[in-house]
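Have a look at start-v9.txt below; it lists compact mmCIF, C-alpha atoms.
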# COMPACT_ATOMS: atom_id res chain seq x y z
CA GLN A 2 0.00 0.00 0.00
CA GLN A 3 2.80 2.41 0.87
CA ALA A 4 4.56 1.65 -2.41
CA GLN A 5 1.42 2.46 -4.39
CA LEU A 6 0.47 5.69 -2.59
CA ALA A 7 3.08 7.99 -4.10
CA TRP A 8 4.63 5.96 -6.90
CA ASN A 9 3.75 8.40 -9.70
CA ARG A 10 5.52 11.21 -7.88
CA GLU A 11 8.44 8.94 -7.00
CA LEU A 12 8.80 7.88 -10.62
CA CYS A 13 9.16 11.52 -11.70
CA PHE A 14 11.72 12.05 -8.97
CA LEU A 15 13.71 9.01 -10.10
CA GLN A 16 13.59 10.03 -13.74
CA GLU A 17 15.00 13.40 -12.74
CA ALA A 18 17.76 11.49 -10.93
CA GLY A 19 18.64 9.55 -14.08
CA LEU A 20 16.26 6.59 -14.32
CA ARG A 21 16.22 5.47 -17.96
CA PRO A 22 14.73 2.43 -19.76
CA ASN A 23 18.20 0.88 -20.16
CA ALA A 24 19.48 1.62 -16.64
CA ARG A 25 20.82 -0.84 -14.09
CA VAL A 26 19.08 0.03 -10.83
CA LEU A 27 19.66 -1.15 -7.26
CA ASP A 28 16.90 -0.88 -4.64
CA LEU A 29 18.67 -0.76 -1.26
CA GLY A 30 16.75 -2.29 1.63
CA CYS A 31 14.05 -3.47 -0.77
CA GLY A 32 12.00 -5.38 1.81
CA ALA A 33 9.17 -7.27 0.10
CA GLY A 34 10.21 -5.86 -3.28
CA GLU A 35 7.19 -3.76 -4.22
CA ILE A 36 9.31 -0.80 -5.34
CA THR A 37 11.84 -3.10 -7.03
CA ARG A 38 9.06 -4.53 -9.18
CA ARG A 39 8.00 -1.05 -10.22
CA LEU A 40 11.59 -0.16 -11.00
CA ALA A 41 11.86 -3.25 -13.20
CA GLN A 42 8.84 -2.07 -15.19
CA ALA A 43 10.50 1.34 -15.62
CA VAL A 44 13.72 -0.19 -17.04
CA PRO A 45 12.50 -2.71 -19.64
CA ALA A 46 15.87 -2.62 -21.43
CA GLY A 47 17.89 -2.56 -18.20
CA GLU A 48 17.90 -4.45 -14.91
CA ALA A 49 16.48 -3.91 -11.44
CA ILE A 50 17.95 -5.64 -8.38
CA GLY A 51 16.62 -5.53 -4.83
CA LEU A 52 19.00 -6.01 -1.88
CA ASP A 53 17.82 -6.76 1.65
CA ARG A 54 19.14 -8.59 4.71
CA ASP A 55 15.82 -10.08 5.87
CA PRO A 56 15.24 -13.55 4.36
CA ASP A 57 11.67 -13.57 5.66
CA LEU A 58 10.78 -10.47 3.62
CA LEU A 59 12.90 -10.98 0.52
CA PRO A 60 10.95 -12.53 -2.38
CA SER A 61 12.30 -15.00 -4.91
CA SER A 62 13.88 -13.64 -8.07
CA GLY A 63 11.71 -13.61 -11.15
CA ALA A 64 12.46 -14.45 -14.76
CA ASN A 65 12.04 -12.84 -18.17
CA GLY A 66 12.88 -9.31 -17.11
CA ALA A 67 11.39 -9.57 -13.64
CA PRO A 68 13.51 -8.13 -10.82
CA ARG A 69 16.32 -10.06 -9.20
CA PHE A 70 16.46 -10.20 -5.41
CA VAL A 71 19.67 -10.67 -3.44
CA LEU A 72 20.07 -11.43 0.26
CA GLY A 73 22.80 -9.24 1.70
CA ASN A 74 23.92 -6.39 3.90
CA VAL A 75 23.29 -2.87 2.58
CA GLU A 76 26.51 -1.73 4.28
CA ILE A 77 28.52 -3.88 1.88
CA VAL A 78 26.67 -3.96 -1.49
CA PRO A 79 28.39 -7.08 -2.87
CA PRO A 80 30.91 -6.20 -5.61
CA ALA A 81 29.69 -9.24 -7.56
CA LEU A 82 26.51 -7.28 -8.31
CA GLY A 83 28.52 -4.93 -10.51
CA SER A 84 27.91 -1.22 -10.99
CA PHE A 85 24.65 0.68 -11.22
CA ASP A 86 23.42 3.74 -13.05
CA LEU A 87 21.00 4.52 -10.23
CA ILE A 88 20.87 3.37 -6.61
CA TYR A 89 17.69 4.10 -4.67
CA ALA A 90 17.44 4.19 -0.86
CA ARG A 91 13.75 4.67 -0.06
CA PHE A 92 12.75 5.12 3.59
CA LEU A 93 15.86 3.14 4.52
CA LEU A 94 18.17 5.54 6.32
CA GLN A 95 15.62 6.33 9.05
CA HIS A 96 16.06 2.74 10.28
CA LEU A 97 19.86 2.77 10.50
CA PRO A 98 21.99 3.85 13.47
CA ARG A 99 24.82 4.74 11.06
CA PRO A 100 23.75 5.57 7.50
CA GLU A 101 27.22 6.79 6.46
CA PRO A 102 28.73 3.34 5.69
CA VAL A 103 25.68 2.45 3.60
CA LEU A 104 26.02 5.55 1.43
CA SER A 105 29.77 5.08 1.05
CA ALA A 106 29.25 1.48 -0.07
CA ALA A 107 26.56 2.60 -2.50
CA ALA A 108 28.74 5.38 -3.92
CA ALA A 109 31.45 2.82 -4.69
CA ARG A 110 29.00 0.82 -6.83
CA LEU A 111 27.90 3.71 -9.08
CA THR A 112 28.88 3.82 -12.74
CA PRO A 113 30.61 6.99 -13.96
CA GLY A 114 27.83 9.54 -14.10
CA GLY A 115 25.57 7.34 -11.97
CA ALA A 116 23.43 8.80 -9.20
CA LEU A 117 22.25 7.94 -5.72
CA ALA A 118 18.62 8.86 -4.99
CA LEU A 119 17.49 9.20 -1.38
CA LEU A 120 13.91 9.46 -0.21
CA ASP A 121 13.19 9.66 3.48
CA SER A 122 11.07 11.35 6.10
CA ASP A 123 11.59 13.94 8.78
CA ASP A 124 9.00 14.03 11.52
CA ALA A 125 9.76 17.67 12.24
CA PHE A 126 8.16 18.49 8.87
CA PHE A 127 4.96 16.63 9.77
CA VAL A 128 2.90 19.37 11.42
CA LEU A 129 -0.85 19.56 12.05
CA ASP A 130 -2.52 22.90 12.65
CA PRO A 131 -4.43 22.92 14.91
CA PRO A 132 -2.46 20.21 16.73
CA ASP A 133 -4.04 16.92 17.75
CA PRO A 134 -2.79 15.92 21.23
CA GLU A 135 -3.72 12.26 20.77
CA LEU A 136 -1.83 12.01 17.48
CA GLU A 137 1.17 13.86 18.89
CA GLU A 138 1.34 11.39 21.77
CA LEU A 139 1.25 8.42 19.38
CA LEU A 140 3.93 9.96 17.17
CA ALA A 141 6.16 10.66 20.17
CA ILE A 142 5.83 7.05 21.36
CA ALA A 143 6.66 5.79 17.85
CA ARG A 144 9.72 8.06 17.60
CA ALA A 145 11.01 6.81 20.95
CA ARG A 146 10.44 3.18 19.93
CA GLN A 147 12.31 3.65 16.68
CA GLU A 148 15.18 5.42 18.42
CA ARG A 149 15.55 2.41 20.72
CA LEU A 150 15.76 0.25 17.59
CA GLY A 151 18.58 2.45 16.30
CA GLY A 152 16.65 4.66 13.90
CA ASP A 153 16.27 8.40 13.34
CA ARG A 154 12.84 9.82 12.50
CA GLN A 155 14.44 13.17 11.62
CA VAL A 156 17.01 11.93 9.12
CA GLY A 157 15.42 13.89 6.27
CA ARG A 158 17.24 17.14 7.10
CA ARG A 159 20.56 15.26 7.08
CA LEU A 160 20.30 13.80 3.58
CA PRO A 161 22.31 16.49 1.70
CA ALA A 162 25.09 16.36 4.32
CA LEU A 163 25.14 12.55 4.21
CA LEU A 164 25.56 12.65 0.44
CA ALA A 165 28.46 15.07 0.80
CA GLN A 166 30.11 12.83 3.41
CA ALA A 167 29.91 9.96 0.92
CA GLY A 168 31.77 12.10 -1.61
CA LEU A 169 28.67 12.75 -3.72
CA SER A 170 27.44 16.12 -4.89
CA PRO A 171 23.87 16.94 -3.79
CA GLY A 172 23.52 18.76 -7.09
CA ALA A 173 24.31 15.69 -9.18
CA ASN A 174 22.36 13.31 -6.96
CA ARG A 175 18.84 13.63 -5.65
CA VAL A 176 17.15 14.02 -2.28
CA GLN A 177 13.38 14.16 -1.71
CA VAL A 178 11.43 14.92 1.45
CA PHE A 179 7.71 14.81 0.73
CA THR A 180 5.33 17.44 2.12
CA SER A 181 1.62 18.10 1.51
CA LEU A 182 2.66 20.49 -1.26
CA GLU A 183 3.68 17.47 -3.37
CA ILE A 184 1.23 14.85 -2.11
CA PRO A 185 -2.42 15.23 -1.02
CA PHE A 186 -2.65 15.33 2.74
CA GLY A 187 -4.59 12.08 3.11
CA ILE A 188 -1.91 10.17 1.19
CA LEU A 189 0.89 11.91 3.07
CA PHE A 190 -0.76 11.07 6.40
CA ALA A 191 -0.93 7.40 5.42
CA LEU A 192 2.73 7.44 4.39
CA ALA A 193 3.84 9.23 7.55
CA THR A 194 1.87 7.10 10.01
CA GLY A 195 1.65 3.65 8.41
CA TYR A 196 5.01 2.38 9.64
CA LYS A 197 4.54 3.98 13.05
CA ALA A 198 1.16 2.31 13.45
CA ALA A 199 2.66 -1.07 12.56
CA LEU A 200 5.59 -0.45 14.90
CA LEU A 201 3.25 0.14 17.83
CA GLY A 202 0.60 -2.38 16.82
CA ALA A 203 -1.80 0.56 16.89
CA ALA A 204 -3.26 0.63 13.37
CA GLU A 205 -6.83 1.15 14.63
CA GLU A 206 -5.81 4.14 16.76
CA PHE A 207 -4.10 5.84 13.83
CA GLN A 208 -6.97 5.12 11.47
CA GLY A 209 -9.42 6.63 13.92
CA LEU A 210 -7.65 10.01 14.02
What does the file become when written as structure tokens?
Amino acid sequence: QQAQLAWNRELCFLQEAGLRPNARVLDLGCGAGEITRRLAQAVPAGEAIGLDRDPDLLPSSGANGAPRFVLGNVEIVPPALGSFDLIYARFLLQHLPRPEPVLSAAAARLTPGGALALLDSDDAFFVLDPPDPELEELLAIARARQERLGGDRQVGRRLPALLAQAGLSPGANRVQVFTSLEIPFGILFALATGYKAALLGAAEEFQGL
């Protein structure tokens, strides 16, 4: 559901970053592979690979142009995978205690002229006016839970600096932090709260707000 909500906008963002029909694309931290499958459709003359460390989430690789899925650590990006024209890290960095090694490993796997595209959230940009005390309490609990797991719900503001630390120019690469100016509020709310609701086992509470 999350993959579908904003895919049209994401596709434009990725095309601006260099996504082309003949590109080799790596989806870092691909999870169940929903975005990888969409990337494969966008590169019919290229290749899309999804990399994730969770064998319970990672699907089987397809055939006849379907995406390939690889079990592995995003901090390494196996050299055997080769180089990529575009590497996409979508809502990944917020889950990592140290995103720097991941971006450095990704930068080393880019082709000359290749680009790294980052899409992530920053809870400080998620503001309701007038405020909703019940929602704010749920969001605060979710942020604290994710911090204990080693994540950072405010990583969005750090994306340009993280690119620079990996030796990549923010001008040549792409960063996107979605707001309600780009996405209708209802869709943005679902994107911003879906993972938090799952994290807390509180889907009904979030849906009722």
- [ ] Kindly give the distance, in Å, that separates CA of Ala43 in chain A and CA of Leu20 in chain A, rounded to a single decimal.
- [x]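 Atom-to-atom, CA of Ala43 in chain A and CA of Leu20 in chain A are spaced 7.9 Å apart.
Pairwise distance (CA of Arg39 in chain A, CA of Glu17 in chain A) equals 16.3 Å.
Going from CA of Asn9 in chain A over to CA of Glu101 in chain A, you cover 28.5 Å.
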Open item on the list: Could you check the closest approach to Pro56 in chain A for each of A:Leu72, A:Leu164, A:Ala24, A:Val128 and tell me which residue wins, using only C-alpha atoms?
Closed with: A:Leu72
Open item on the list: Taking all atoms listed in the file into account, name the residue in A:Gly63, A:Pro161, A:Gly115, A:Pro22 that is nearest to Tyr89 in chain A.
Closed with: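 Under the stated criterion, the closest residue is A:Gly115.
Proximity to Val75 in chain A was assessed for A:Val103, A:Gly51, A:Leu93, A:Leu59 counting only C-alpha atoms; the smallest distance is recorded for A:Val103.
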Task: Non-local contacts of range 30-32 of chain A (10 Å; all atoms listed in the file; under 4 positions in same chain excluded) as a count of residues only - done: 26
